[in-house]
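For reference, query30.txt (compact mmCIF, C-alpha atoms and all ligand atoms):
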```txt
# COMPACT_ATOMS: atom_id res chain seq x y z
CA MET A 862 59.86 42.54 44.75
CA SER A 863 56.40 43.15 43.36
CA HIS A 864 53.44 41.16 44.63
CA HIS A 865 53.72 38.69 41.75
CA ASP A 866 57.27 37.56 42.51
CA GLU A 867 56.49 34.67 44.85
CA ARG A 868 58.50 31.60 43.91
CA THR A 869 57.45 28.02 44.47
CA PHE A 870 59.04 24.63 43.91
CA VAL A 871 57.23 22.18 41.65
CA MET A 872 58.25 18.72 40.55
CA ALA A 873 56.80 16.42 37.91
CA LYS A 874 57.32 13.07 39.62
CA PRO A 875 58.62 9.86 37.95
CA ASP A 876 55.09 8.72 37.03
CA ALA A 877 54.43 12.00 35.20
CA VAL A 878 57.69 11.59 33.26
CA GLN A 879 56.93 7.97 32.36
CA ARG A 880 53.38 8.81 31.31
CA GLY A 881 54.40 11.72 29.11
CA LEU A 882 52.63 14.29 31.25
CA VAL A 883 55.53 16.70 31.85
CA GLY A 884 54.47 18.88 28.93
CA GLU A 885 50.87 18.91 30.10
CA ILE A 886 51.89 19.97 33.61
CA ILE A 887 54.12 22.73 32.26
CA THR A 888 51.39 23.86 29.86
CA ARG A 889 48.85 24.20 32.63
CA LEU A 890 51.16 26.28 34.79
CA GLU A 891 52.41 28.53 31.99
CA GLU A 892 48.93 29.07 30.55
CA ARG A 893 47.74 30.11 34.00
CA GLY A 894 50.23 32.98 33.76
CA LEU A 895 52.86 31.60 36.11
CA LYS A 896 56.44 32.18 34.97
CA LEU A 897 58.98 29.38 34.70
CA VAL A 898 62.26 30.60 36.22
CA GLY A 899 64.16 27.33 36.60
CA ALA A 900 63.99 23.73 35.41
CA LYS A 901 66.16 20.67 35.83
CA PHE A 902 65.52 17.20 34.41
CA MET A 903 67.25 14.96 36.89
CA GLN A 904 67.50 11.73 38.82
CA ILE A 905 66.91 12.11 42.57
CA ASP A 906 69.28 10.01 44.71
CA GLU A 907 68.51 8.50 48.14
CA GLU A 908 70.16 11.33 50.02
CA LEU A 909 68.20 14.08 48.26
CA ALA A 910 64.99 12.07 48.62
CA HIS A 911 65.54 11.80 52.37
CA GLU A 912 66.25 15.51 52.68
CA HIS A 913 63.31 16.56 50.55
CA TYR A 914 60.86 14.34 52.42
CA ALA A 915 62.50 14.69 55.88
CA GLU A 916 59.17 15.69 57.47
CA HIS A 917 57.77 12.25 56.55
CA GLU A 918 60.71 10.21 57.86
CA ASP A 919 58.67 8.50 60.58
CA LYS A 920 55.60 7.80 58.45
CA PRO A 921 54.76 4.24 57.37
CA PHE A 922 54.76 5.28 53.71
CA PHE A 923 58.27 6.83 53.85
CA ASP A 924 60.27 3.92 52.38
CA GLY A 925 57.78 3.49 49.54
CA LEU A 926 57.83 7.22 48.90
CA VAL A 927 61.64 7.29 48.67
CA GLU A 928 61.60 4.25 46.37
CA PHE A 929 59.00 5.92 44.13
CA ILE A 930 60.65 9.33 43.92
CA THR A 931 64.05 7.75 43.07
CA SER A 932 62.56 5.23 40.60
CA GLY A 933 63.15 7.38 37.52
CA PRO A 934 63.85 10.91 36.37
CA VAL A 935 61.84 13.90 37.52
CA MET A 936 61.44 17.44 36.23
CA ALA A 937 62.25 19.85 39.04
CA MET A 938 61.04 23.40 38.46
CA VAL A 939 60.70 26.82 40.01
CA TRP A 940 57.63 28.85 39.08
CA GLU A 941 56.96 32.46 39.95
CA GLY A 942 53.76 34.47 40.27
CA ALA A 943 51.24 36.06 42.58
CA ASP A 944 50.39 33.70 45.43
CA ALA A 945 52.25 31.05 43.41
CA THR A 946 52.58 28.43 46.15
CA ARG A 947 48.90 28.33 47.04
CA GLN A 948 47.75 28.65 43.44
CA VAL A 949 49.90 25.70 42.32
CA ARG A 950 48.59 23.62 45.23
CA GLN A 951 45.04 24.35 44.07
CA MET A 952 45.95 23.29 40.54
CA MET A 953 47.53 20.06 41.86
CA GLY A 954 44.45 18.97 43.79
CA ALA A 955 44.24 16.82 46.91
CA THR A 956 47.22 14.61 47.83
CA ASP A 957 45.15 11.49 47.06
CA PRO A 958 44.15 11.63 43.38
CA ALA A 959 41.03 9.62 44.26
CA GLU A 960 39.88 12.62 46.29
CA ALA A 961 41.17 15.32 43.95
CA GLU A 962 38.63 17.43 42.07
CA PRO A 963 38.30 16.99 38.31
CA GLY A 964 40.06 19.91 36.69
CA THR A 965 43.08 19.52 38.95
CA ILE A 966 46.22 17.76 37.74
CA ARG A 967 45.88 14.85 40.18
CA GLY A 968 42.11 14.72 39.65
CA ASP A 969 42.46 14.57 35.88
CA TYR A 970 45.40 12.15 35.59
CA GLY A 971 45.75 10.10 38.77
CA LEU A 972 43.93 7.35 40.66
CA ASP A 973 46.43 6.22 43.29
CA LEU A 974 47.90 8.01 46.34
CA GLY A 975 51.32 6.45 45.79
CA GLN A 976 51.59 7.83 42.24
CA ASN A 977 50.17 11.32 42.33
CA LEU A 978 52.20 12.91 39.55
CA ILE A 979 53.26 16.22 41.02
CA HIS A 980 54.86 17.84 44.04
CA GLY A 981 54.38 21.46 45.04
CA SER A 982 55.63 23.38 48.07
CA ASP A 983 53.18 23.55 50.97
CA HIS A 984 51.54 26.98 51.35
CA GLU A 985 50.62 26.03 54.92
CA ASP A 986 54.31 25.61 55.77
CA PRO A 987 55.77 29.12 55.30
CA GLY A 988 59.32 28.98 54.00
CA SER A 989 58.94 25.49 52.55
CA ASN A 990 59.02 26.99 49.04
CA GLU A 991 62.38 28.73 49.63
CA ARG A 992 63.80 25.66 51.43
CA GLU A 993 62.88 23.34 48.57
CA ILE A 994 64.14 25.73 45.91
CA ASP A 995 67.48 25.95 47.76
CA LEU A 996 67.67 22.17 48.05
CA PHE A 997 67.28 21.61 44.30
CA PHE A 998 68.72 24.76 42.70
CA ASP A 999 71.71 27.09 42.95
CA GLU A 1000 70.74 30.75 42.73
CA GLU A 1001 72.50 31.14 39.35
CA GLU A 1002 70.31 28.39 37.88
CA LEU A 1003 67.25 30.60 38.30
CA VAL A 1004 66.61 33.07 35.51
CA ASP A 1005 65.47 36.64 36.01
CA TYR A 1006 63.30 37.85 33.13
CA GLU A 1007 59.87 39.28 32.38
CA ARG A 1008 57.10 37.57 30.51
CA THR A 1009 55.81 40.03 27.90
CA ASP A 1010 52.21 39.03 28.63
CA ALA A 1011 52.51 39.87 32.33
CA VAL A 1012 50.66 43.15 31.73
CA TRP A 1013 47.70 41.07 30.49
CA VAL A 1014 47.80 38.73 33.47
CA TYR A 1015 48.26 41.31 36.25
CA GLU A 1016 46.20 44.47 36.18
CA GLU A 1017 48.83 46.33 38.17
CA GLU A 1018 52.61 46.04 38.20
N1 LIG B 1101 52.24 9.77 50.28
C1 LIG B 1101 52.03 8.41 50.19
N2 LIG B 1101 51.15 7.81 51.05
C2 LIG B 1101 50.47 8.51 51.99
C3 LIG B 1101 50.69 9.90 52.09
C4 LIG B 1101 51.58 10.50 51.22
O1 LIG B 1101 52.63 7.76 49.33
O2 LIG B 1101 49.70 7.91 52.75
C5 LIG B 1101 53.20 10.40 49.39
C6 LIG B 1101 52.55 11.12 48.21
O3 LIG B 1101 53.39 10.96 47.08
C7 LIG B 1101 52.57 12.58 48.65
C8 LIG B 1101 53.88 12.63 49.44
O4 LIG B 1101 53.93 11.38 50.12
O5 LIG B 1101 52.55 13.46 47.56
C9 LIG B 1101 54.00 13.76 50.43
O6 LIG B 1101 52.87 13.77 51.28
P1 LIG B 1101 52.17 15.15 51.67
O7 LIG B 1101 51.17 14.84 52.73
O8 LIG B 1101 53.22 16.17 51.96
O9 LIG B 1101 51.34 15.50 50.34
P2 LIG B 1101 51.52 16.60 49.20
O10 LIG B 1101 52.11 17.83 49.86
O11 LIG B 1101 52.43 16.01 48.16
O12 LIG B 1101 50.13 16.82 48.66
```

Go ahead and express the file in the form of structure tokens.
Amino acid sequence: MSHHDERTFVMAKPDAVQRGLVGEIITRLEERGLKLVGAKFMQIDEELAHEHYAEHEDKPFFDGLVEFITSGPVMAMVWEGADATRQVRQMMGATDPAEAEPGTIRGDYGLDLGQNLIHGSDHEDPGSNEREIDLFFDEEELVDYERTDAVWVYEEE
């Protein structure tokens, strides 16, 4: 594994799908130099929603969150790159779009905490990226390949 092989789980949430922002989200990540290694356009059911958001089970917003995330299709993805988890979080912006910096995905497209467009694994919760990838993808659904422009993104292999 070279230093740029970190994988992270990213999801364009139902609001991003409904608003036609899936392409924009993918564009931002791929133009940054991150490599798409898995993608699944899917409907999340109650059970998967509960598993994915298990850490929030006791929070007052949990039921609303489950309702939202199961309200329509999502695009689940795995992206790979140097420091990928933290870098994607920076590109997402603050959890509440009202607080997110302009230039971030939430800061450019969102206004409401309950509909904040994108999920990314938490870099402050080590292992959350691998856990989430395992929850949504089988290993054979992830593709091993090189992007030809990697030599222009990373100075060293
Ligand atoms: N959320 C919400 N109300 C809140 C806090 C969170 O609806 O008061 C939702 C929101 O969609 C958020 C998700 O719960 O993205 C998970 O919360 P977390 O704190 O893990 O934020 P994230 O990691 O997504 O930035």

ask   = In Å to one decimal, how far is CA of Ala910 in chain A from CA of Leu996 in chain A?
value =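 Interatomic distance, CA of Leu996 in chain A to CA of Ala910 in chain A: 10.5 Å.
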
inquiry  = Ranking A:Ile966, A:Val935, A:Val898, A:Met903 by minimum distance to Ile994 in chain A and counting only C-alpha atoms, which one comes first?
reply    = A:Val898

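Checking A:Ala877, A:Ala959, A:Met953, A:Leu890 one by one against Phe929 in chain A, counting all atoms listed in the file, you find the shortest gap at A:Ala877.
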
inquiry  = Please return as a ChimeraX atom specification the residues found within 8 Å of ligand LIG 1101 (chain B), counting all atoms listed in the file.
reply    = /A:914,917,921-923,925-926,950,953-957,974-983

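In this model, the gap between CA of Glu1002 in chain A and CA of Glu1016 in chain A comes to 29.0 Å.
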
key: Length of the CA of Gly964 in chain A to CA of Leu882 in chain A vector [Å]   = 14.8 Å

task = Name the closest residue to Asp1010 in chain A among the candidates A:Pro934, A:Gly894, A:Gly899, A:Gly988; distances are taken between atoms, counting only C-alpha atoms.
result = A:Gly894

task = Rank A:Arg967, A:Arg889, A:His864, A:Lys896 by their smallest atom-to-atom distance to Arg1008 in chain A, using only C-alpha atoms, and report the top residue only.
result =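 Checking each candidate against Arg1008 in chain A, we get A:Lys896 as the closest.
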
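Counting all atoms listed in the file, the residue from A:Gly933, A:Asp995, A:Val1014, A:Glu1007 that sits nearest to Arg880 in chain A is A:Gly933.
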
request  = For Arg992 in chain A, list every protein, DNA or RNA residue within 12 Å, evaluated using all atoms listed in the file, and leave out those in the same chain fewer than 4 positions away; present the list as a list in words.
outcome  =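 Skipping anything fewer than 4 positions along the chain leaves Arg868, Thr869, Phe870, Glu912, His913, Tyr914, Ala915, Val939, Ser982, Asp983, Asp986, Pro987, Gly988, Leu996, Phe997, Phe998 and Asp999 of chain A.
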
request  = Name the residues in contact with Pro963 in chain A at a cut-off of 12 Å, using all atoms listed in the file, excluding same-chain residues fewer than 5 positions from it; report them as an MDAnalysis selection string.
outcome  = chainID A and resid 951:955 958 968:972

message = Here's a test: counting only C-alpha atoms, identify every protein, DNA and RNA residue with an atom at most 6 Å from (63.0, 20.8, 36.5) in the file's coordinate frame, and state them as a list of chain:residue names.
response = A:Ala900, A:Lys901, A:Phe902, A:Met936, A:Ala937, A:Met938
